[in-house]
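Student: Have a peek at entry_19.tsv (TSV, C-alpha atoms).
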```tsv
chain	number	residue	atom	x	y	z
A	180	MET	CA	68.85	110.86	91.95
A	181	THR	CA	67.95	110.72	88.26
A	182	ALA	CA	70.05	111.46	85.21
A	183	THR	CA	68.01	114.59	84.55
A	184	GLY	CA	68.77	115.90	88.05
A	185	TYR	CA	72.46	115.11	87.87
A	186	THR	CA	75.07	117.84	87.50
A	187	SER	CA	78.73	117.26	86.67
A	188	VAL	CA	81.17	120.03	87.55
A	189	ILE	CA	84.01	120.18	85.02
A	190	THR	CA	86.48	122.87	86.04
A	191	PRO	CA	88.56	124.83	83.50
A	192	HIS	CA	91.68	123.10	84.85
A	193	PHE	CA	90.11	119.66	84.31
A	194	TRP	CA	89.02	120.59	80.80
A	195	LEU	CA	92.40	122.04	79.79
A	196	ALA	CA	94.38	119.12	81.22
A	197	ASN	CA	92.29	116.70	79.18
A	198	ARG	CA	92.95	118.59	75.95
A	199	ILE	CA	96.54	117.29	75.93
A	200	THR	CA	96.78	114.75	73.10
A	201	PRO	CA	99.15	111.76	72.83
A	202	ARG	CA	100.94	113.64	70.03
A	203	THR	CA	101.50	116.61	72.37
A	204	MET	CA	102.75	114.31	75.12
A	205	ASP	CA	105.12	112.65	72.67
A	206	LEU	CA	106.50	116.03	71.59
A	207	VAL	CA	106.94	117.28	75.17
A	208	PHE	CA	108.71	114.07	76.19
A	209	ARG	CA	110.99	114.32	73.14
A	210	VAL	CA	111.98	117.88	74.01
A	211	ALA	CA	112.12	117.74	77.82
A	212	SER	CA	111.98	113.97	78.53
A	213	ALA	CA	109.43	112.37	80.82
A	214	GLY	CA	111.44	113.93	83.64
A	215	ILE	CA	109.02	116.82	83.31
A	216	ILE	CA	106.46	114.73	85.23
A	217	SER	CA	105.70	116.30	88.61
A	218	PRO	CA	107.03	114.90	91.91
A	219	VAL	CA	103.46	114.13	92.95
A	220	SER	CA	102.83	112.03	89.83
A	221	ARG	CA	106.01	110.03	90.48
A	222	LEU	CA	104.63	108.74	93.77
A	223	ARG	CA	102.61	106.08	91.94
A	224	PHE	CA	105.85	104.41	90.88
A	225	ILE	CA	107.53	104.86	94.26
A	226	TYR	CA	104.58	103.32	96.12
A	227	GLY	CA	104.74	100.50	93.56
A	228	GLY	CA	108.15	99.56	94.92
A	229	ILE	CA	110.46	101.48	92.57
A	230	GLY	CA	113.22	103.49	94.27
A	231	ALA	CA	113.04	107.26	93.93
A	232	ARG	CA	116.46	107.43	92.21
A	233	GLN	CA	115.43	104.74	89.75
A	234	VAL	CA	112.19	106.57	88.99
A	235	ASP	CA	114.07	109.81	88.36
A	236	ALA	CA	116.63	108.13	86.07
A	237	THR	CA	113.94	106.23	84.19
A	238	LEU	CA	111.89	109.34	83.47
A	239	ARG	CA	114.89	111.43	82.44
A	240	ARG	CA	115.91	108.75	79.92
A	241	ALA	CA	112.43	108.53	78.37
A	242	ARG	CA	112.27	110.57	75.15
A	243	GLY	CA	108.88	110.41	73.47
A	244	LEU	CA	106.14	107.90	74.19
A	245	ARG	CA	108.17	105.12	72.58
A	246	GLY	CA	111.09	106.04	74.78
A	247	TRP	CA	108.86	105.65	77.84
A	248	SER	CA	108.53	101.93	77.24
A	249	LEU	CA	112.21	101.41	76.43
A	250	SER	CA	113.37	103.29	79.52
A	251	TRP	CA	111.16	101.31	81.91
A	252	VAL	CA	112.35	98.04	80.35
A	253	ARG	CA	115.94	99.15	80.93
A	254	THR	CA	115.19	99.83	84.60
A	255	ALA	CA	113.50	96.41	84.87
A	256	ARG	CA	116.68	94.77	83.60
A	257	GLN	CA	118.72	96.66	86.17
A	258	TYR	CA	116.48	95.29	88.91
A	259	LEU	CA	116.85	91.79	87.49
A	260	SER	CA	120.63	92.17	87.56
A	261	ALA	CA	120.39	93.23	91.21
A	262	ALA	CA	118.17	90.21	91.89
A	263	ARG	CA	120.77	87.83	90.44
A	264	ALA	CA	123.46	89.42	92.58
A	265	ALA	CA	121.28	89.05	95.69
A	266	HIS	CA	120.61	85.39	94.87
A	267	SER	CA	124.32	84.71	94.46
A	268	ARG	CA	125.08	86.02	97.96
A	269	GLY	CA	122.16	84.10	99.47
A	270	ASP	CA	119.88	87.08	100.12
A	271	HIS	CA	116.74	85.59	98.60
A	272	THR	CA	114.38	88.07	100.28
A	273	GLU	CA	116.18	91.00	98.61
A	274	ALA	CA	116.22	89.09	95.34
A	275	ALA	CA	112.45	88.64	95.51
A	276	ARG	CA	111.98	92.34	96.24
A	277	CYS	CA	114.08	93.25	93.18
A	278	GLU	CA	112.17	90.79	90.99
A	279	ALA	CA	108.87	92.29	92.14
A	280	SER	CA	110.17	95.78	91.33
A	281	ALA	CA	111.26	94.57	87.89
A	282	ALA	CA	107.76	93.20	87.36
A	283	LEU	CA	106.23	96.59	88.15
A	284	CYS	CA	108.67	98.26	85.74
A	285	PHE	CA	107.42	96.03	82.93
A	286	HIS	CA	103.86	96.93	83.93
A	287	TYR	CA	104.60	100.66	83.87
A	288	ALA	CA	106.38	100.20	80.52
A	289	GLN	CA	103.12	99.26	78.79
A	290	VAL	CA	101.10	102.25	80.01
A	291	PHE	CA	101.38	104.15	76.71
A	292	GLU	CA	101.41	101.11	74.40
A	293	LEU	CA	97.81	101.67	73.36
A	294	ASP	CA	98.24	101.20	69.60
A	295	ASP	CA	100.63	98.23	69.69
A	296	LEU	CA	98.57	95.68	71.61
A	297	ASP	CA	101.00	92.84	70.89
A	298	ARG	CA	103.81	94.73	72.60
A	299	ARG	CA	101.49	95.83	75.42
A	300	ASN	CA	100.45	92.24	76.08
A	301	HIS	CA	104.05	91.00	75.84
A	302	LEU	CA	105.23	93.53	78.43
A	303	TYR	CA	102.45	92.71	80.86
A	304	ARG	CA	102.96	88.96	80.46
A	305	ARG	CA	106.60	89.53	81.41
A	306	ALA	CA	105.46	91.53	84.46
A	307	ALA	CA	103.01	88.84	85.54
A	308	ALA	CA	105.54	86.02	85.15
A	309	LEU	CA	108.22	87.84	87.14
A	310	PHE	CA	105.87	88.72	89.97
A	311	ARG	CA	104.53	85.16	90.10
A	312	ARG	CA	108.08	83.93	90.63
A	313	ALA	CA	108.84	86.46	93.36
A	314	ALA	CA	105.49	86.37	95.19
A	315	PRO	CA	106.07	83.40	97.57
A	316	ARG	CA	109.32	84.97	98.84
A	317	LEU	CA	107.93	88.44	99.53
A	318	ASP	CA	107.37	89.66	103.09
A	319	PRO	CA	104.59	88.87	103.78
A	320	PRO	CA	104.26	86.18	101.11
A	321	ALA	CA	101.74	86.69	98.32
A	322	MET	CA	100.02	83.38	97.62
A	323	ARG	CA	98.83	82.88	94.07
A	324	VAL	CA	95.13	81.93	94.00
A	325	ASP	CA	92.40	81.58	91.38
A	326	ILE	CA	88.78	82.56	91.93
A	327	PRO	CA	86.40	80.46	89.78
A	328	TRP	CA	83.88	82.70	87.98
A	329	ARG	CA	81.62	81.69	85.12
A	330	ASP	CA	83.85	79.75	82.68
A	331	VAL	CA	87.15	81.41	83.68
A	332	SER	CA	89.21	81.95	86.81
A	333	LEU	CA	90.15	85.39	88.13
A	334	PRO	CA	93.80	85.28	89.25
A	335	GLY	CA	94.84	86.98	92.46
A	336	TYR	CA	97.40	87.23	95.24
A	337	LEU	CA	96.33	86.52	98.80
A	338	ARG	CA	98.25	87.92	101.75
A	339	LEU	CA	97.54	86.94	105.36
A	340	PRO	CA	98.41	88.85	108.55
A	341	THR	CA	101.68	87.70	110.12
A	342	SER	CA	100.00	86.82	113.43
A	343	ASP	CA	98.75	83.29	113.86
A	344	GLY	CA	95.03	82.89	113.97
A	345	GLY	CA	92.01	83.49	111.86
A	346	PRO	CA	89.65	83.23	110.29
A	347	TYR	CA	90.52	86.73	109.08
A	348	PRO	CA	88.23	89.30	107.49
A	349	LEU	CA	89.11	89.69	103.81
A	350	LEU	CA	89.65	92.89	101.83
A	351	VAL	CA	89.44	92.42	98.06
A	352	LEU	CA	91.34	94.99	95.98
A	353	LEU	CA	89.70	95.65	92.60
A	354	ASN	CA	91.62	97.13	89.65
A	355	GLY	CA	91.02	100.40	87.89
A	356	ALA	CA	91.49	100.71	84.14
A	357	SER	CA	95.30	100.95	84.32
A	358	THR	CA	96.11	99.12	87.57
A	359	VAL	CA	96.71	95.39	87.99
A	360	LYS	CA	96.88	93.02	90.95
A	361	GLU	CA	100.70	93.17	91.02
A	362	GLU	CA	100.41	96.91	91.77
A	363	THR	CA	97.38	97.08	94.08
A	364	GLY	CA	98.87	94.37	96.30
A	365	HIS	CA	101.44	96.96	97.39
A	366	TRP	CA	98.62	98.80	99.18
A	367	SER	CA	98.09	95.90	101.62
A	368	ASP	CA	100.23	96.83	104.64
A	369	PRO	CA	97.78	99.10	106.56
A	370	PHE	CA	95.07	96.46	106.25
A	371	LEU	CA	97.31	93.54	107.18
A	372	ARG	CA	98.34	95.43	110.32
A	373	ARG	CA	94.64	95.72	111.24
A	374	GLY	CA	94.16	91.96	110.93
A	375	PHE	CA	92.66	91.87	107.43
A	376	ALA	CA	93.77	89.40	104.80
A	377	THR	CA	94.04	91.09	101.39
A	378	LEU	CA	93.25	89.69	97.97
A	379	ALA	CA	94.49	91.67	94.97
A	380	VAL	CA	92.55	90.29	92.02
A	381	ASP	CA	92.47	90.88	88.26
A	382	THR	CA	88.93	91.78	87.25
A	383	PRO	CA	87.57	91.26	83.70
A	384	GLY	CA	89.34	93.50	81.21
A	385	SER	CA	92.47	93.90	83.37
A	386	GLY	CA	95.74	92.13	84.10
A	387	GLU	CA	95.99	88.48	83.16
A	388	VAL	CA	92.27	88.30	82.34
A	389	ARG	CA	92.35	91.14	79.81
A	390	GLU	CA	93.03	88.95	76.79
A	391	ARG	CA	90.31	86.44	77.73
A	392	VAL	CA	87.30	88.41	78.94
A	393	SER	CA	86.32	92.07	78.78
A	394	GLY	CA	84.80	94.09	81.59
A	395	HIS	CA	81.09	94.93	81.57
A	396	PRO	CA	78.75	96.51	84.16
A	397	ASP	CA	76.55	93.39	84.26
A	398	GLN	CA	79.25	91.16	85.83
A	399	VAL	CA	77.87	91.55	89.35
A	400	ASP	CA	78.03	87.80	90.05
A	401	ILE	CA	81.74	88.31	90.75
A	402	GLY	CA	80.62	89.28	94.25
A	403	GLU	CA	79.20	85.81	94.88
A	404	ALA	CA	82.37	84.24	93.47
A	405	LEU	CA	84.44	86.17	96.04
A	406	ILE	CA	82.18	85.04	98.89
A	407	ARG	CA	82.48	81.41	97.74
A	408	PHE	CA	86.26	81.75	97.64
A	409	ALA	CA	86.29	82.95	101.26
A	410	GLU	CA	83.96	80.12	102.30
A	411	GLU	CA	86.35	77.55	100.88
A	412	HIS	CA	89.48	79.01	102.54
A	413	ALA	CA	89.90	77.87	106.16
A	414	ARG	CA	91.67	81.07	107.28
A	415	LEU	CA	89.15	83.51	105.83
A	416	ASP	CA	85.84	84.67	107.30
A	417	PRO	CA	83.17	84.70	104.55
A	418	ARG	CA	80.91	86.85	106.75
A	419	ARG	CA	83.46	89.67	106.64
A	420	VAL	CA	84.40	90.23	102.99
A	421	ALA	CA	84.93	93.88	102.06
A	422	LEU	CA	85.77	95.52	98.72
A	423	LEU	CA	88.16	98.35	97.84
A	424	GLY	CA	88.04	99.53	94.25
A	425	ALA	CA	90.21	102.17	92.59
A	426	SER	CA	88.80	104.52	89.94
A	427	LEU	CA	86.65	102.38	87.62
A	428	GLY	CA	87.10	99.57	90.16
A	429	GLY	CA	85.45	101.81	92.76
A	430	ALA	CA	82.27	101.88	90.70
A	431	VAL	CA	82.56	98.11	90.20
A	432	ALA	CA	82.88	97.65	93.99
A	433	VAL	CA	79.67	99.61	94.61
A	434	ARG	CA	77.87	97.62	91.94
A	435	LEU	CA	79.04	94.26	93.36
A	436	ALA	CA	78.12	95.21	96.92
A	437	GLN	CA	74.65	96.36	95.92
A	438	ALA	CA	74.02	93.02	94.19
A	439	THR	CA	75.68	90.87	96.91
A	440	PRO	CA	74.09	91.35	100.35
A	441	ASP	CA	76.87	89.35	102.06
A	442	ILE	CA	79.51	92.00	101.25
A	443	LEU	CA	80.53	93.64	104.54
A	444	ALA	CA	81.59	97.11	103.36
A	445	VAL	CA	82.90	99.08	100.38
A	446	VAL	CA	85.69	101.59	99.84
A	447	ALA	CA	85.35	103.48	96.54
A	448	LEU	CA	88.54	105.35	95.67
A	449	THR	CA	88.07	108.33	93.28
A	450	PRO	CA	85.22	106.49	91.53
A	451	PRO	CA	83.15	107.61	88.56
A	452	PHE	CA	79.50	108.05	89.55
A	453	HIS	CA	77.81	109.13	86.32
A	454	PRO	CA	80.48	109.35	83.59
A	455	PRO	CA	78.44	110.05	80.39
A	456	PRO	CA	78.41	113.88	80.73
A	457	TYR	CA	82.20	114.16	80.97
A	458	PHE	CA	83.50	111.02	79.27
A	459	ARG	CA	83.71	112.71	75.85
A	460	HIS	CA	85.93	115.41	77.42
A	461	LEU	CA	88.53	112.95	78.75
A	462	ASN	CA	92.07	112.59	77.46
A	463	ALA	CA	92.37	110.20	74.50
A	464	VAL	CA	94.68	107.95	76.55
A	465	VAL	CA	92.00	107.48	79.24
A	466	ARG	CA	89.31	106.83	76.64
A	467	GLN	CA	91.51	104.20	74.99
A	468	GLU	CA	92.11	102.57	78.39
A	469	ILE	CA	88.35	102.25	78.92
A	470	ALA	CA	87.98	100.85	75.41
A	471	LEU	CA	90.62	98.20	76.16
A	472	VAL	CA	88.97	97.24	79.45
A	473	THR	CA	85.52	96.89	77.89
A	474	GLY	CA	86.61	95.56	74.52
A	475	ALA	CA	84.31	98.14	72.94
A	476	ARG	CA	84.77	99.64	69.49
A	477	ASP	CA	84.56	103.41	69.10
A	478	GLU	CA	80.92	103.34	68.09
A	479	GLU	CA	80.03	101.14	71.09
A	480	LEU	CA	81.96	102.97	73.78
A	481	ASP	CA	79.43	105.66	74.70
A	482	ALA	CA	76.69	103.06	75.17
A	483	ILE	CA	78.91	101.00	77.50
A	484	VAL	CA	79.85	104.12	79.51
A	485	GLU	CA	76.15	104.97	79.88
A	486	LYS	CA	75.64	101.59	81.57
A	487	MET	CA	78.46	102.35	84.05
A	488	SER	CA	76.36	105.00	85.78
A	489	LEU	CA	75.61	104.44	89.48
A	490	ILE	CA	72.63	106.80	89.55
A	491	ASP	CA	70.16	103.93	89.89
A	492	ILE	CA	72.54	101.65	91.84
A	493	ALA	CA	73.85	103.82	94.69
A	494	PRO	CA	70.48	104.51	96.38
A	495	ARG	CA	69.95	100.73	96.67
A	496	LEU	CA	73.34	100.12	98.30
A	497	ARG	CA	72.96	98.98	101.91
A	498	ALA	CA	76.55	98.04	102.81
A	499	PRO	CA	78.56	100.69	104.70
A	500	LEU	CA	80.43	102.85	102.20
A	501	LEU	CA	83.56	104.99	102.38
A	502	VAL	CA	84.03	107.29	99.38
A	503	VAL	CA	87.55	108.67	98.92
A	504	GLY	CA	87.65	111.79	96.74
A	505	ALA	CA	90.53	113.84	95.34
A	506	GLY	CA	90.38	117.57	94.73
A	507	ARG	CA	93.05	117.53	91.99
A	508	ASP	CA	91.68	114.55	90.10
A	509	LEU	CA	92.11	115.08	86.35
A	510	VAL	CA	90.53	111.79	85.29
A	511	VAL	CA	87.29	111.70	87.32
A	512	PRO	CA	85.88	115.13	88.22
A	513	PRO	CA	86.22	115.62	92.02
A	514	GLN	CA	82.48	116.32	92.25
A	515	GLU	CA	81.82	112.64	91.44
A	516	ALA	CA	82.91	111.58	94.94
A	517	TRP	CA	80.38	113.97	96.46
A	518	ASN	CA	77.67	112.78	94.07
A	519	LEU	CA	78.20	109.14	95.05
A	520	TYR	CA	78.30	110.00	98.74
A	521	ARG	CA	75.02	111.92	98.55
A	522	ALA	CA	73.26	109.22	96.51
A	523	ALA	CA	74.34	106.17	98.56
A	524	GLY	CA	71.49	104.59	100.48
A	525	GLY	CA	73.23	102.94	103.42
A	526	PRO	CA	75.69	104.08	106.14
A	527	LYS	CA	78.25	106.28	104.42
A	528	HIS	CA	81.37	108.34	104.99
A	529	LEU	CA	83.35	110.71	102.80
A	530	HIS	CA	87.11	111.20	102.99
A	531	PHE	CA	87.92	114.08	100.64
A	532	MET	CA	91.55	115.08	100.06
A	533	ARG	CA	91.66	118.50	98.41
A	534	GLN	CA	95.28	118.26	97.26
A	535	ALA	CA	95.22	114.63	96.06
A	536	ASN	CA	95.37	113.36	92.48
A	537	HIS	CA	93.48	110.54	90.78
A	538	VAL	CA	93.47	107.28	92.80
A	539	GLY	CA	95.09	109.32	95.58
A	540	PHE	CA	98.59	108.16	94.61
A	541	SER	CA	99.84	111.46	96.05
A	542	HIS	CA	98.25	110.65	99.42
A	543	LEU	CA	98.31	106.85	99.52
A	544	PRO	CA	99.40	106.53	103.19
A	545	GLN	CA	96.65	108.94	104.27
A	546	TRP	CA	93.70	107.40	102.45
A	547	SER	CA	94.78	103.81	103.12
A	548	ALA	CA	95.00	104.57	106.87
A	549	ALA	CA	91.52	106.13	106.76
A	550	ALA	CA	90.18	103.11	104.87
A	551	ALA	CA	91.81	100.72	107.37
A	552	ASP	CA	90.17	102.62	110.24
A	553	PHE	CA	86.79	102.50	108.54
A	554	LEU	CA	86.97	98.79	107.72
A	555	SER	CA	88.24	97.89	111.18
A	556	SER	CA	85.29	99.64	112.81
A	557	VAL	CA	82.81	97.87	110.52
A	558	ALA	CA	84.42	94.45	110.90
A	559	GLY	CA	84.70	94.85	114.68
A	560	ALA	CA	81.06	95.80	114.95
```
Let's see the structure in the file written out as structure tokens.

Tutor:
Amino acid sequence: MTATGYTSVITPHFWLANRITPRTMDLVFRVASAGIISPVSRLRFIYGGIGARQVDATLRRARGLRGWSLSWVRTARQYLSAARAAHSRGDHTEAARCEASAALCFHYAQVFELDDLDRRNHLYRRAAALFRRAAPRLDPPAMRVDIPWRDVSLPGYLRLPTSDGGPYPLLVLLNGASTVKEETGHWSDPFLRRGFATLAVDTPGSGEVRERVSGHPDQVDIGEALIRFAEEHARLDPRRVALLGASLGGAVAVRLAQATPDILAVVALTPPFHPPPYFRHLNAVVRQEIALVTGARDEELDAIVEKMSLIDIAPRLRAPLLVVGAGRDLVVPPQEAWNLYRAAGGPKHLHFMRQANHVGFSHLPQWSAAAADFLSSVAGA
């Protein structure tokens, strides 16, 4: 498929939803609070480990975009208070769970801090530090690891199945523009139950790496770094390393697998396939997120996005691929999942959820079960 033969379907609903500006969002939140957010959209926070009541209270308190940050910080402090109480009565498992939830609250607090990078970085550093403290006491434990790559290390959390044994196949979870390893690690359970170890890792431009190295489409040697990591870990099978990427991370996963023949399989979750035709139509918040990931200035951004296209990459992919698409995606046009599926050169499957939103947060149990089935069949074969 060539760029000239590519068509992007932008529906009126997609176009209108992306006309909402940060100023409009701020006004709506001031008038009605962030409690106006739909029940479906709240599932991201609930699947991140935040209780439904806490999510509801947090959103109803948030007035304006500035109030969003303050309200999530308040909820984080409530979780930390609950963690101290759990520690005092000797319930260290519950304390760790509360600390991990507090960490995610600090992460969600920085979502709209796009103009105050100092505050954004401060909030995420707080999230990372809290989760690092709680990780060894979670069930199952999340072991802090570092993956050497070029002149930096990519930090991650490794979880192993509870059953004794190994070496285990490894599923690597790659971030999207707004997700971090502390959040994607919460998606591990279906894969752990199928005997996969999971590694939630911060990719360039995200999480703890964001301030040190920006993301770029040419960083395909990350795939080899992941294989080397598995080779050096006694309980991991380097012949069975699979990738699952969300949103922008889905495109990264395809790119890494195409360049790294030893990758077993790929799951691309609501990925962009050829973003240039619709990128200029996206919400300003999404565009700023991509700018932060890539470190690109305004005048450089379109050129970077052009290089993100998978038009020339997907036909050369040979690893088995599962594309997960969402019919109500307002960040990546739903047609992109179909375009990637059609263009992919190797064994391929499409799991399209017509009622799901971006990254499938609304249907996380469904798509993660389908992905676990797919990866189990490939790893077993």

Student: Residues proximal to (93.5, 115.2, 92.7) were defined as those with any atom within 8 Å of that point in the file's coordinates, counting all atoms listed in the file. Which are they, as a list in words?

Tutor: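 These residues have at least one counted atom within 8 Å: Gly504, Ala505, Gly506, Arg507, Asp508, Leu509, Pro513, Met532, Arg533, Gln534, Ala535, Asn536, His537, Val538 and Gly539 of chain A.
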
Student: Distance cut-off 10 Å, centre (106.9, 89.2, 97.9) in file coordinates, counting only C-alpha atoms: which residues qualify? Return them as a PDB file with C-alpha atoms, in the frame of the given file.

Tutor:
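What landed in point_8.pdb:
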```
ATOM      1  CA  THR A 272     114.380  88.070 100.280  1.00  0.00           C
ATOM      2  CA  GLU A 273     116.180  91.000  98.610  1.00  0.00           C
ATOM      3  CA  ALA A 274     116.220  89.090  95.340  1.00  0.00           C
ATOM      4  CA  ALA A 275     112.450  88.640  95.510  1.00  0.00           C
ATOM      5  CA  ARG A 276     111.980  92.340  96.240  1.00  0.00           C
ATOM      6  CA  CYS A 277     114.080  93.250  93.180  1.00  0.00           C
ATOM      7  CA  GLU A 278     112.170  90.790  90.990  1.00  0.00           C
ATOM      8  CA  ALA A 279     108.870  92.290  92.140  1.00  0.00           C
ATOM      9  CA  SER A 280     110.170  95.780  91.330  1.00  0.00           C
ATOM     10  CA  PHE A 310     105.870  88.720  89.970  1.00  0.00           C
ATOM     11  CA  ARG A 311     104.530  85.160  90.100  1.00  0.00           C
ATOM     12  CA  ARG A 312     108.080  83.930  90.630  1.00  0.00           C
ATOM     13  CA  ALA A 313     108.840  86.460  93.360  1.00  0.00           C
ATOM     14  CA  ALA A 314     105.490  86.370  95.190  1.00  0.00           C
ATOM     15  CA  PRO A 315     106.070  83.400  97.570  1.00  0.00           C
ATOM     16  CA  ARG A 316     109.320  84.970  98.840  1.00  0.00           C
ATOM     17  CA  LEU A 317     107.930  88.440  99.530  1.00  0.00           C
ATOM     18  CA  ASP A 318     107.370  89.660 103.090  1.00  0.00           C
ATOM     19  CA  PRO A 319     104.590  88.870 103.780  1.00  0.00           C
ATOM     20  CA  PRO A 320     104.260  86.180 101.110  1.00  0.00           C
ATOM     21  CA  ALA A 321     101.740  86.690  98.320  1.00  0.00           C
ATOM     22  CA  MET A 322     100.020  83.380  97.620  1.00  0.00           C
ATOM     23  CA  ARG A 338      98.250  87.920 101.750  1.00  0.00           C
ATOM     24  CA  GLY A 364      98.870  94.370  96.300  1.00  0.00           C
ATOM     25  CA  HIS A 365     101.440  96.960  97.390  1.00  0.00           C
TER      26      HIS A 365
END
```

Student: With distances taken over all atoms listed in the file, which of A:Arg240, A:Leu405, A:Ala470, A:Ala447 is nearest to A:Ala211?

Tutor: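 The shortest atom-to-atom distance to A:Ala211 comes from A:Arg240.
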
Student: Find the distance between atom CA of A:Arg223 and atom CA of A:Leu337 and write it in Å to one decimal.

Tutor: 21.7 Å

Student: So, counting all atoms listed in the file, which residue among A:Leu461, A:Leu302, A:Trp328, A:Val359 is closest to A:Arg407?

Tutor: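 Smallest separation from A:Arg407 among the options: A:Trp328.
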
Student: May I have the residues within 10 Å of A:Ala522 as a PDB file with C-alpha atoms, keeping the file's coordinate frame, using only C-alpha atoms and disregarding those fewer than 3 positions away in the same chain?

Tutor:
```
ATOM      1  CA  MET A 180      68.850 110.860  91.950  1.00  0.00           C
ATOM      2  CA  THR A 181      67.950 110.720  88.260  1.00  0.00           C
ATOM      3  CA  PHE A 452      79.500 108.050  89.550  1.00  0.00           C
ATOM      4  CA  LEU A 489      75.610 104.440  89.480  1.00  0.00           C
ATOM      5  CA  ILE A 490      72.630 106.800  89.550  1.00  0.00           C
ATOM      6  CA  ASP A 491      70.160 103.930  89.890  1.00  0.00           C
ATOM      7  CA  ILE A 492      72.540 101.650  91.840  1.00  0.00           C
ATOM      8  CA  ALA A 493      73.850 103.820  94.690  1.00  0.00           C
ATOM      9  CA  PRO A 494      70.480 104.510  96.380  1.00  0.00           C
ATOM     10  CA  ARG A 495      69.950 100.730  96.670  1.00  0.00           C
ATOM     11  CA  LEU A 496      73.340 100.120  98.300  1.00  0.00           C
ATOM     12  CA  TRP A 517      80.380 113.970  96.460  1.00  0.00           C
ATOM     13  CA  ASN A 518      77.670 112.780  94.070  1.00  0.00           C
ATOM     14  CA  LEU A 519      78.200 109.140  95.050  1.00  0.00           C
ATOM     15  CA  GLY A 525      73.230 102.940 103.420  1.00  0.00           C
ATOM     16  CA  LYS A 527      78.250 106.280 104.420  1.00  0.00           C
TER      17      LYS A 527
END
```

Student: Which residue, A:Ile406, A:Glu411, A:Trp366, A:Val388, has the smallest gap to A:Ala550 when you use all atoms listed in the file?

Tutor: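 Using all atoms listed in the file, A:Ala550 sits closest to A:Trp366.
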
Student: For A:Arg202, please output as a short mmCIF file (atom, residue, chain, number, x, y, z; two decimals) with C-alpha atoms, in the frame of the given file all residues within 10 Å (counting all atoms listed in the file; exclusion window: fewer than 4 positions along the same chain).

Tutor:
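Output file selection.cif follows:
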```
data_model
loop_
_atom_site.label_atom_id
_atom_site.label_comp_id
_atom_site.auth_asym_id
_atom_site.auth_seq_id
_atom_site.Cartn_x
_atom_site.Cartn_y
_atom_site.Cartn_z
CA LEU A 206 106.50 116.03 71.59
CA VAL A 207 106.94 117.28 75.17
CA PHE A 208 108.71 114.07 76.19
CA GLY A 243 108.88 110.41 73.47
CA LEU A 244 106.14 107.90 74.19
#
```

Student: Residues near A:Thr439, anyone? I mean within 12 Å using only C-alpha atoms, not counting same-chain ones fewer than 5 positions away, as a list in words.

Tutor: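 So the residues in contact are Gln398, Val399, Asp400, Ile401, Gly402, Glu403, Ala404, Leu405, Ile406, Arg407, Arg418, Val420, Ala421, Leu422, Ala432, Val433, Arg434, Ala444, Val445, Arg495, Leu496, Arg497 and Ala498 of chain A.
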
Student: Using C-alpha atoms, can you export the residues from the last selection as a short mmCIF file (atom, residue, chain, number, x, y, z; two decimals), in the coordinates of the input?

Tutor:
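Below is the file that was written, result.cif:
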```cif
data_model
loop_
_atom_site.label_atom_id
_atom_site.label_comp_id
_atom_site.auth_asym_id
_atom_site.auth_seq_id
_atom_site.Cartn_x
_atom_site.Cartn_y
_atom_site.Cartn_z
CA GLN A 398 79.25 91.16 85.83
CA VAL A 399 77.87 91.55 89.35
CA ASP A 400 78.03 87.80 90.05
CA ILE A 401 81.74 88.31 90.75
CA GLY A 402 80.62 89.28 94.25
CA GLU A 403 79.20 85.81 94.88
CA ALA A 404 82.37 84.24 93.47
CA LEU A 405 84.44 86.17 96.04
CA ILE A 406 82.18 85.04 98.89
CA ARG A 407 82.48 81.41 97.74
CA ARG A 418 80.91 86.85 106.75
CA VAL A 420 84.40 90.23 102.99
CA ALA A 421 84.93 93.88 102.06
CA LEU A 422 85.77 95.52 98.72
CA ALA A 432 82.88 97.65 93.99
CA VAL A 433 79.67 99.61 94.61
CA ARG A 434 77.87 97.62 91.94
CA ALA A 444 81.59 97.11 103.36
CA VAL A 445 82.90 99.08 100.38
CA ARG A 495 69.95 100.73 96.67
CA LEU A 496 73.34 100.12 98.30
CA ARG A 497 72.96 98.98 101.91
CA ALA A 498 76.55 98.04 102.81
#
```

Student: For stretch 415-427 of chain A, I'd like the enclosing box, axis-aligned and padded by 6 Å on every side, reported as AutoDock Vina command-line options with centre and edge lengths in Å to one decimal.

Tutor:
```
--center_x 85.6 --center_y 94.0 --center_z 97.5 --size_x 21.3 --size_y 33.0 --size_z 31.7
```

Student: Do a neighbour search on A:Gly355 at 8 Å with only C-alpha atoms, toss out local chain neighbours closer than 2 positions, and write the hits as a PyMOL selection string.

Tutor: chain A and resi 353+357-359+424-429

Student: Just how far from atom CA of A:Arg298 is atom CA of A:Gly394, in Å to one decimal?

Tutor: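 Calculated distance between atom CA of A:Gly394 and atom CA of A:Arg298 is 21.0 Å.
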
Student: Tell me which of A:Leu309, A:Ala438, A:Val331, A:Val484 sits closest to A:Val392, counting all atoms listed in the file.

Tutor: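 The closest residue to A:Val392 is A:Val331.
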
Student: For a quick check of understanding, using only C-alpha atoms, which of A:Glu361, A:Gln437, A:Asp325, A:Glu478 has the smallest distance to A:Ala308?

Tutor: A:Glu361

Student: Enter the distance from atom CA of A:Ala516 to atom CA of A:Ile215, in Å, rounded to one decimal.

Tutor: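 Computed distance, atom CA of A:Ala516 to atom CA of A:Ile215, equals 29.1 Å.
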
Student: With distances taken over all atoms listed in the file, which of A:Leu296, A:Leu333, A:Val465, A:Leu443 is nearest to A:Ile199?

Tutor: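 Of A:Leu296, A:Leu333, A:Val465, A:Leu443, the one nearest A:Ile199, counting all atoms listed in the file, is A:Val465.
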
Student: Would you pick out the contacts of A:Tyr303 at 8 Å or less, using only C-alpha atoms, so that residues sharing its chain but fewer than 6 positions from it are not included, and give the list as a PyMOL selection string?

Tutor: chain A and resi 285-286+289+386
